[in-house]
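What follows is one structure encoded as structure tokens, with my remarks underneath.
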Amino acid sequence: MSLEGDFPVDLATQLRLIPEQGHIWLGEQRAFLLQLPAFAAFRKRLIHAVGVPQARYLLAHMGFITGATDARRARQVRGSRQDAFQAGPLFHAMEGITHPETVRMEIDPARGHFYIEQIWHDSLEASTWPAHLPASREPVCWMQTGHACGFNSTFFGQEIQFREVECRAMGHDHCRIIGKTPQMWQTPAPVFTPAVAVPFSGLVGRDPAFLHACRQAEKIASREVTVLLRGESGVGKERFARLLHQLSPRVRGPFVAVNCAAIPDNLIESELFGVEKGAFTGANRSRAGYFEQASGGTLLLDEIGALSASAQDKLLRVLQEREVQRLGGERRLPVDIRLLAATNARLEEAVREGRFREDLFFRINVVPLVIPALRERPRDISLLIRYFFRQYTERHQRQIAGFTPGALRTLLSWHYPGNVRELENIIERGVVLAEEGQRIGLAELMIPEARRTRSTGISADPAPLLQQWLDNHSLNTLVDTAVQRALVRAEGNISQAARLLGLTRRQLEHRLKKSPRS
């Protein structure tokens with residue numbers, strides 16, 4: 001395989017063809033070739049089957065995931081070099097999608113200012129538009145626009161929305177895209193923009209606290225260091241651990257997750273380190289422990305604070321010597337693992353009280369990664385609601401019309417002591433219990449009345465709350481907040497949001513243009 005011209009060698013070597021095995025690799029990801037006529041036919045049939053809006057969303061989402069993967073690959077290949085960002089358009093070219101040319105780029109993360117303008121020469125998607133048909137009335141490069149959103153949002157750690165403002169299918173000379181933050185765009189995002197701002201290994205969110213944790217994970221993923229994941233129960237510690245594994249050089253090795261609190265004390269050592277036949281009553285055969293099973297990959301010890309004193313001693317010795325000795329055995333077996341530990345307890349207190357070894361704590365706390373609770377990232381609740389709703393309606397093959405206003409208010413206001421896991425369970429419950437074709441109501445969510453009252457804190461008379469608000473905020477802020485809430489409830493539909501506010505669509509559009517915050 002060869003790439004013509006002066007294509008960067010560090011990127012060119014990421015593409016590997018192994019025809020004798022039937023493999024094509026782009027970095028650590030397996031790829032495949034799809035000929036343009038086949039893609040054009042697939043796109044045509046997809047539009048015919050599900051309609052333009054849904055086809056546009058599906059192709060954009062597929063591009064978003066590819067772009068996010070390319071962003072992580074760019075970081076792996078070029079690290080923090082200044083030219084790491086340029087790897088994105090070059091990967092797009094390597095994948096045979098288009099030849100991108102950046103014509104303007106203004107990036108100032110400190111001020112939250114992002115403006116990126118690119119021209120796509122010879123766009124693959126624009127080429128799917130039949131030449132014998134009249135020009136399209138709208139841009140058609142949905143997958144490529146999704147790729148730009150996914151790459152830039154993941155690379156910069158905040159949501160960047162791209163829109164195609166010129167397209168060859170519309171009769172323009174070439175395709176042109178512009179990318180800005182949501183705040184810089186004066187109109188709501190297109191309906192096909194994926195709800196997942198930065199999708200990492202099933203992680204969903206765009207709140208700064210959440211994105212900071214994602215960026216920290218990205219930085220340390222490729223380093224062979226022990227990481228202690230800290231956070232409340234249900235925040236997604238195991239999903240972050242999987243992200244660290246997927247972004248590491250050990251990605252082709254096993255990922256083994258162990259909940260230490262779920263293993264009885266008398267079995268913890270045999271489960272972790274293995275057992276030889278006859279070591280104790282019932283040990284009828286020799287068996288490898290989790291350390292051996294994870295060799296060559298990553299081992300996650302969740303709830304590590306639950307380990308007994310004896311297990312802590314052996315764990316410390318394994319981490320120091322990189323060898324395990326099975327229960328009842330004499331041989332020392334080498335293990336090659338990266339250890340990740342997770343806890344929702346305050347291990348510092350356990351150390352002071354003598355329940356956890358101090359030297360083991362220092363050994364596992366090389367790099368702490370703190371994952372915020374859901375109540376600390378309120379901007380993500382609406383994203384997660386849409387994400388889980390879509391996931392479980394597809395999984396359970398249900399046609400559900402959404403949520404009633406009361407159910408949505410409760411979901412948005414509850415403080416979720418069980419974090420993301422609790423929200424996920426509530427949404428799945430609602431999807432399963434709701435009537436086909438109807439909306440999910442409070443009865444289907446099955447949140448007890450006492451919890452709803454405590455979570456919302458809504459008084460029958462809103463006047464005192466409004467007076468308290470206006471003592472500290474301007475009237476414009478109140479109006480902007482009402483507009484934002486209406487847009488969230490209407491999922492970005494301006495006409496529906498206007499009805500919720502008692503306005504006409506034209507009045508609401510005027511308000512959106514007048515207020516940058518809205």
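Residue numbering restarts at 1 for every chain of the structure tokens, chains are lettered A, B, ... in their displayed order, and ligands are numbered from 1 as they appear.
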**Prompt:** Do you know which residues are at most 8 Å from segment 39-50 of chain A counting only C-alpha atoms, after dropping those on the same chain fewer than 5 positions away, and could you put them as a ChimeraX atom specification?
**Reply:** /A:34,55,128
Restricting the output to C-alpha atoms, write the selected residues as a CSV table (one decimal), in the first residue's frame.
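Below you can see selection_25.csv, which holds the result:
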```
chain,number,residue,atom,x,y,z
A,34,LEU,CA,-17.6,0.2,0.5
A,55,ALA,CA,-32.1,9.0,7.4
A,128,THR,CA,-24.4,10.3,-4.6
```
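For segment 409-412 of chain A, the residues within 10 Å (counting only C-alpha atoms, excluding itself and residues fewer than 4 positions away along the chain) are Pro378, Arg379, Asp380, Ile381, Ser382, Ile385, Phe403, Thr404, Pro405, Tyr416, Leu423, Ile426, Ile427, Gly441, Leu442, Leu445, Ile447, Arg451, Arg452, Thr453, Ser455, Thr456, Arg485, Val488 and Arg489 of chain A.
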Residues just named, written with C-alpha atoms as a PDB file, in the first residue's frame:
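Final file, result05.pdb:
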```
ATOM      1  CA  PRO A 378     -27.629  19.280  35.526  1.00  0.00           C
ATOM      2  CA  ARG A 379     -27.139  20.295  31.884  1.00  0.00           C
ATOM      3  CA  ASP A 380     -26.752  16.621  31.004  1.00  0.00           C
ATOM      4  CA  ILE A 381     -30.069  15.390  32.408  1.00  0.00           C
ATOM      5  CA  SER A 382     -32.080  16.307  29.290  1.00  0.00           C
ATOM      6  CA  ILE A 385     -33.253  11.403  29.001  1.00  0.00           C
ATOM      7  CA  PHE A 403     -43.243  12.197  27.988  1.00  0.00           C
ATOM      8  CA  THR A 404     -46.131  14.101  29.505  1.00  0.00           C
ATOM      9  CA  PRO A 405     -45.218  17.612  30.772  1.00  0.00           C
ATOM     10  CA  TYR A 416     -30.967  11.444  41.465  1.00  0.00           C
ATOM     11  CA  LEU A 423     -32.118   7.763  35.642  1.00  0.00           C
ATOM     12  CA  ILE A 426     -36.463   5.043  35.439  1.00  0.00           C
ATOM     13  CA  ILE A 427     -36.479   5.672  31.667  1.00  0.00           C
ATOM     14  CA  GLY A 441     -46.586   9.683  32.498  1.00  0.00           C
ATOM     15  CA  LEU A 442     -45.812   9.864  36.193  1.00  0.00           C
ATOM     16  CA  LEU A 445     -42.105   6.352  35.982  1.00  0.00           C
ATOM     17  CA  ILE A 447     -41.380   7.727  41.368  1.00  0.00           C
ATOM     18  CA  ARG A 451     -39.755  11.747  46.437  1.00  0.00           C
ATOM     19  CA  ARG A 452     -41.334  13.871  43.690  1.00  0.00           C
ATOM     20  CA  THR A 453     -42.428  16.505  46.213  1.00  0.00           C
ATOM     21  CA  SER A 455     -37.213  16.758  44.505  1.00  0.00           C
ATOM     22  CA  THR A 456     -39.261  19.495  42.873  1.00  0.00           C
ATOM     23  CA  ARG A 485     -36.868  25.647  29.451  1.00  0.00           C
ATOM     24  CA  VAL A 488     -35.800  21.851  26.248  1.00  0.00           C
ATOM     25  CA  ARG A 489     -39.355  20.625  26.835  1.00  0.00           C
TER      26      ARG A 489
END
```
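Candidate residues A:Ala60, A:Ala126, A:Ala306, A:Val204 were compared for distance to Gly171 of chain A, and the nearest is A:Ala126, using only C-alpha atoms.
Here atom CA of Glu218 of chain A and atom CA of Arg375 of chain A stand 23.4 Å from one another.
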Tell me, which residues of segment 289-422 of chain A carry DSSP alpha helix (DSSP H), written as a compact mmCIF listing (two decimals) with C-alpha atoms, in the first residue's frame?
```txt
# COMPACT_ATOMS: atom_id res chain seq x y z
CA TYR A 290 -8.98 -12.65 37.65
CA PHE A 291 -5.38 -11.42 37.53
CA GLU A 292 -4.38 -14.23 35.18
CA GLN A 293 -7.56 -13.83 33.12
CA ALA A 309 -6.72 -7.24 55.21
CA SER A 310 -5.27 -10.52 53.89
CA ALA A 311 -6.40 -9.75 50.33
CA GLN A 312 -4.90 -6.25 50.59
CA ASP A 313 -1.54 -7.77 51.61
CA LYS A 314 -1.51 -10.12 48.62
CA LEU A 315 -2.70 -7.41 46.23
CA LEU A 316 0.14 -5.12 47.29
CA ARG A 317 2.65 -7.92 46.73
CA VAL A 318 1.23 -8.68 43.26
CA LEU A 319 1.45 -5.01 42.27
CA GLN A 320 5.05 -4.83 43.46
CA GLU A 321 6.29 -8.10 41.96
CA LEU A 347 -10.38 5.58 51.49
CA GLU A 348 -8.46 8.25 53.38
CA GLU A 349 -10.78 7.68 56.35
CA ALA A 350 -10.35 3.90 56.01
CA VAL A 351 -6.56 4.42 56.13
CA ARG A 352 -6.81 6.56 59.29
CA GLU A 358 -1.74 3.15 53.58
CA ASP A 359 0.99 1.79 51.29
CA LEU A 360 -1.65 0.10 49.11
CA PHE A 361 -3.62 3.36 48.96
CA PHE A 362 -0.56 5.21 47.69
CA ARG A 363 0.08 2.42 45.17
CA ILE A 364 -3.42 2.59 43.60
CA ASP A 380 -26.75 16.62 31.00
CA ILE A 381 -30.07 15.39 32.41
CA SER A 382 -32.08 16.31 29.29
CA LEU A 383 -29.38 14.76 27.07
CA LEU A 384 -29.46 11.53 29.06
CA ILE A 385 -33.25 11.40 29.00
CA ARG A 386 -33.25 11.57 25.20
CA TYR A 387 -30.34 9.12 24.94
CA PHE A 388 -31.92 6.45 27.17
CA PHE A 389 -35.37 7.00 25.69
CA ARG A 390 -34.02 6.33 22.19
CA GLN A 391 -31.94 3.38 23.40
CA TYR A 392 -34.75 1.58 25.19
CA THR A 393 -37.52 2.26 22.67
CA GLU A 394 -35.26 0.61 20.08
CA ARG A 395 -34.20 -2.24 22.37
CA PRO A 405 -45.22 17.61 30.77
CA GLY A 406 -45.57 16.47 34.39
CA ALA A 407 -43.32 13.46 33.87
CA LEU A 408 -40.70 15.57 32.10
CA ARG A 409 -40.74 18.21 34.85
CA THR A 410 -40.19 15.51 37.46
CA LEU A 411 -37.33 13.95 35.50
CA LEU A 412 -35.63 17.32 35.04
CA SER A 413 -35.97 18.39 38.68
CA ASN A 419 -27.06 9.04 39.64
CA VAL A 420 -27.04 7.99 35.97
CA ARG A 421 -27.92 4.38 36.79
CA GLU A 422 -31.11 5.52 38.56
```
With only C-alpha atoms as the counted atoms, please give the residues lying no more than 9 Å from Ala261 of chain A, apart from itself and same-chain residues fewer than 2 positions off, as a PDB file with C-alpha atoms, in the first residue's frame.
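Result written to part-v2.pdb:
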```pdb
ATOM      1  CA  VAL A 258     -14.495  -7.380  39.380  1.00  0.00           C
ATOM      2  CA  ASN A 259     -16.862  -6.121  42.085  1.00  0.00           C
ATOM      3  CA  ILE A 263     -17.379 -11.704  46.525  1.00  0.00           C
ATOM      4  CA  PRO A 264     -17.563 -13.421  49.952  1.00  0.00           C
ATOM      5  CA  ASP A 265     -14.511 -12.838  52.164  1.00  0.00           C
ATOM      6  CA  ASP A 302     -14.440  -2.041  41.781  1.00  0.00           C
ATOM      7  CA  GLU A 303     -15.257  -1.286  45.438  1.00  0.00           C
ATOM      8  CA  ILE A 304     -11.628  -1.963  46.305  1.00  0.00           C
ATOM      9  CA  GLY A 305     -12.235  -0.688  49.836  1.00  0.00           C
ATOM     10  CA  ALA A 306     -14.173  -3.905  50.571  1.00  0.00           C
ATOM     11  CA  LEU A 307     -11.036  -6.093  50.361  1.00  0.00           C
TER      12      LEU A 307
END
```
**Asked** How far is it from atom CA of Glu101 of chain A to atom CA of Trp120 of chain A, in Å with one decimal?
**Response** 6.4 Å
**Message:** Neighbouring residues of Leu327 of chain A were defined as those with any atom within 12 Å, considering only C-alpha atoms; residues of the same chain fewer than 5 positions away were excluded. Please report them as number ranges by chain.
**Reply:** A: 266-280, 283, 285-289, 311, 314, 332-333
Go ahead and save the residues from that selection, with N, CA and C atoms, as a PDB file, in the first residue's frame.
```pdb
ATOM      1  N   ASN A 266     -14.353 -15.276  52.210  1.00  0.00           N
ATOM      2  CA  ASN A 266     -13.599 -16.531  52.172  1.00  0.00           C
ATOM      3  C   ASN A 266     -13.253 -16.980  50.757  1.00  0.00           C
ATOM      4  N   LEU A 267     -13.773 -16.269  49.755  1.00  0.00           N
ATOM      5  CA  LEU A 267     -13.480 -16.634  48.362  1.00  0.00           C
ATOM      6  C   LEU A 267     -12.684 -15.564  47.623  1.00  0.00           C
ATOM      7  N   ILE A 268     -12.501 -14.382  48.214  1.00  0.00           N
ATOM      8  CA  ILE A 268     -11.913 -13.263  47.486  1.00  0.00           C
ATOM      9  C   ILE A 268     -10.521 -13.572  46.968  1.00  0.00           C
ATOM     10  N   GLU A 269      -9.693 -14.264  47.790  1.00  0.00           N
ATOM     11  CA  GLU A 269      -8.319 -14.530  47.362  1.00  0.00           C
ATOM     12  C   GLU A 269      -8.278 -15.544  46.228  1.00  0.00           C
ATOM     13  N   SER A 270      -9.096 -16.587  46.312  1.00  0.00           N
ATOM     14  CA  SER A 270      -9.102 -17.579  45.231  1.00  0.00           C
ATOM     15  C   SER A 270      -9.657 -16.987  43.949  1.00  0.00           C
ATOM     16  N   GLU A 271     -10.651 -16.068  44.051  1.00  0.00           N
ATOM     17  CA  GLU A 271     -11.211 -15.443  42.861  1.00  0.00           C
ATOM     18  C   GLU A 271     -10.196 -14.510  42.196  1.00  0.00           C
ATOM     19  N   LEU A 272      -9.460 -13.763  42.995  1.00  0.00           N
ATOM     20  CA  LEU A 272      -8.504 -12.800  42.435  1.00  0.00           C
ATOM     21  C   LEU A 272      -7.237 -13.478  41.936  1.00  0.00           C
ATOM     22  N   PHE A 273      -6.695 -14.393  42.732  1.00  0.00           N
ATOM     23  CA  PHE A 273      -5.356 -14.913  42.448  1.00  0.00           C
ATOM     24  C   PHE A 273      -5.350 -16.345  41.934  1.00  0.00           C
ATOM     25  N   GLY A 274      -6.509 -17.009  41.916  1.00  0.00           N
ATOM     26  CA  GLY A 274      -6.585 -18.364  41.399  1.00  0.00           C
ATOM     27  C   GLY A 274      -6.441 -19.409  42.488  1.00  0.00           C
ATOM     28  N   VAL A 275      -6.693 -20.653  42.142  1.00  0.00           N
ATOM     29  CA  VAL A 275      -6.651 -21.748  43.110  1.00  0.00           C
ATOM     30  C   VAL A 275      -6.150 -23.015  42.422  1.00  0.00           C
ATOM     31  N   GLU A 276      -5.383 -23.798  43.168  1.00  0.00           N
ATOM     32  CA  GLU A 276      -4.920 -25.091  42.671  1.00  0.00           C
ATOM     33  C   GLU A 276      -5.861 -26.186  43.161  1.00  0.00           C
ATOM     34  N   LYS A 277      -5.961 -27.249  42.412  1.00  0.00           N
ATOM     35  CA  LYS A 277      -6.812 -28.380  42.767  1.00  0.00           C
ATOM     36  C   LYS A 277      -6.432 -28.912  44.145  1.00  0.00           C
ATOM     37  N   GLY A 278      -7.455 -29.096  44.996  1.00  0.00           N
ATOM     38  CA  GLY A 278      -7.228 -29.639  46.315  1.00  0.00           C
ATOM     39  C   GLY A 278      -6.819 -28.629  47.359  1.00  0.00           C
ATOM     40  N   ALA A 279      -6.794 -27.345  47.006  1.00  0.00           N
ATOM     41  CA  ALA A 279      -6.359 -26.324  47.970  1.00  0.00           C
ATOM     42  C   ALA A 279      -7.308 -26.249  49.154  1.00  0.00           C
ATOM     43  N   PHE A 280      -8.607 -26.516  48.920  1.00  0.00           N
ATOM     44  CA  PHE A 280      -9.586 -26.532  50.000  1.00  0.00           C
ATOM     45  C   PHE A 280     -10.743 -27.418  49.561  1.00  0.00           C
ATOM     46  N   ALA A 283     -12.427 -27.576  45.947  1.00  0.00           N
ATOM     47  CA  ALA A 283     -11.543 -27.156  44.850  1.00  0.00           C
ATOM     48  C   ALA A 283     -11.187 -28.384  44.027  1.00  0.00           C
ATOM     49  N   ARG A 285     -10.689 -28.627  40.793  1.00  0.00           N
ATOM     50  CA  ARG A 285      -9.797 -28.398  39.650  1.00  0.00           C
ATOM     51  C   ARG A 285      -9.038 -27.102  39.845  1.00  0.00           C
ATOM     52  N   SER A 286      -7.925 -26.986  39.140  1.00  0.00           N
ATOM     53  CA  SER A 286      -7.151 -25.745  39.179  1.00  0.00           C
ATOM     54  C   SER A 286      -7.872 -24.689  38.351  1.00  0.00           C
ATOM     55  N   ARG A 287      -7.814 -23.462  38.793  1.00  0.00           N
ATOM     56  CA  ARG A 287      -8.540 -22.387  38.109  1.00  0.00           C
ATOM     57  C   ARG A 287      -7.769 -21.077  38.204  1.00  0.00           C
ATOM     58  N   ALA A 288      -7.669 -20.396  37.055  1.00  0.00           N
ATOM     59  CA  ALA A 288      -6.991 -19.100  37.028  1.00  0.00           C
ATOM     60  C   ALA A 288      -7.864 -18.049  37.693  1.00  0.00           C
ATOM     61  N   GLY A 289      -7.219 -17.127  38.393  1.00  0.00           N
ATOM     62  CA  GLY A 289      -7.943 -16.023  39.003  1.00  0.00           C
ATOM     63  C   GLY A 289      -8.093 -14.858  38.036  1.00  0.00           C
ATOM     64  N   ALA A 311      -6.372  -9.997  51.771  1.00  0.00           N
ATOM     65  CA  ALA A 311      -6.401  -9.749  50.328  1.00  0.00           C
ATOM     66  C   ALA A 311      -5.622  -8.492  49.973  1.00  0.00           C
ATOM     67  N   LYS A 314      -1.884  -9.398  49.842  1.00  0.00           N
ATOM     68  CA  LYS A 314      -1.513 -10.121  48.620  1.00  0.00           C
ATOM     69  C   LYS A 314      -1.584  -9.203  47.392  1.00  0.00           C
ATOM     70  N   ARG A 332       5.094 -19.207  41.174  1.00  0.00           N
ATOM     71  CA  ARG A 332       4.742 -17.806  40.968  1.00  0.00           C
ATOM     72  C   ARG A 332       4.550 -17.582  39.470  1.00  0.00           C
ATOM     73  N   LEU A 333       3.401 -17.080  39.093  1.00  0.00           N
ATOM     74  CA  LEU A 333       3.049 -16.914  37.683  1.00  0.00           C
ATOM     75  C   LEU A 333       3.090 -15.438  37.318  1.00  0.00           C
TER      76      LEU A 333
END
```
**Prompt:** What are the DSSP strand (DSSP E or B) residues of segment 49-243 of chain A, as a VMD selection string?
**Reply:** chain A and resid 99 to 108 113 to 121 161 to 166 175 to 180 200 203 227 to 230
**Close residues, Ser495 of chain A itself excluded, 12 Å, only C-alpha atoms, min 6 positions apart in chain, as a ChimeraX atom specification** = /A:486-487,489,501-509
**Prompt:** Any idea what's packed within 8 Å of segment 136-139 of chain A, counting only C-alpha atoms, ignoring anything in its chain fewer than 2 positions away? Could you give it as a list of chain:residue names?
**Reply:** A:Pro134, A:Cys141, A:Trp142, A:Glu164, A:Val165, A:Glu166, A:Cys167, A:Ala169, A:Met170, A:Gly171
Just to be explicit: take each residue in the selection above, keep C-alpha atoms, and write the result as a PDB file, in the first residue's frame.
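Output saved as part-v8.pdb:
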```pdb
ATOM      1  CA  PRO A 134     -32.505  18.868 -10.554  1.00  0.00           C
ATOM      2  CA  CYS A 141     -23.490  15.671   3.108  1.00  0.00           C
ATOM      3  CA  TRP A 142     -25.061  14.497   6.345  1.00  0.00           C
ATOM      4  CA  GLU A 164     -23.089  22.706   5.558  1.00  0.00           C
ATOM      5  CA  VAL A 165     -23.741  26.117   4.017  1.00  0.00           C
ATOM      6  CA  GLU A 166     -22.878  25.191   0.407  1.00  0.00           C
ATOM      7  CA  CYS A 167     -23.170  21.823  -1.329  1.00  0.00           C
ATOM      8  CA  ALA A 169     -25.656  18.723  -4.870  1.00  0.00           C
ATOM      9  CA  MET A 170     -27.300  22.171  -4.643  1.00  0.00           C
ATOM     10  CA  GLY A 171     -25.350  23.428  -7.639  1.00  0.00           C
TER      11      GLY A 171
END
```
**Item:** Counting only C-alpha atoms, the residue of A:Glu232, A:Asp336, A:Glu117, A:Asp70 that sits nearest Gln29 of chain A
**Value:** A:Asp70
**Item:** Nearest to Gln158 of chain A by atom-to-atom distance, counting only C-alpha atoms, from A:Val9, A:Ala93, A:Leu433, A:Leu211
**Value:** A:Leu211
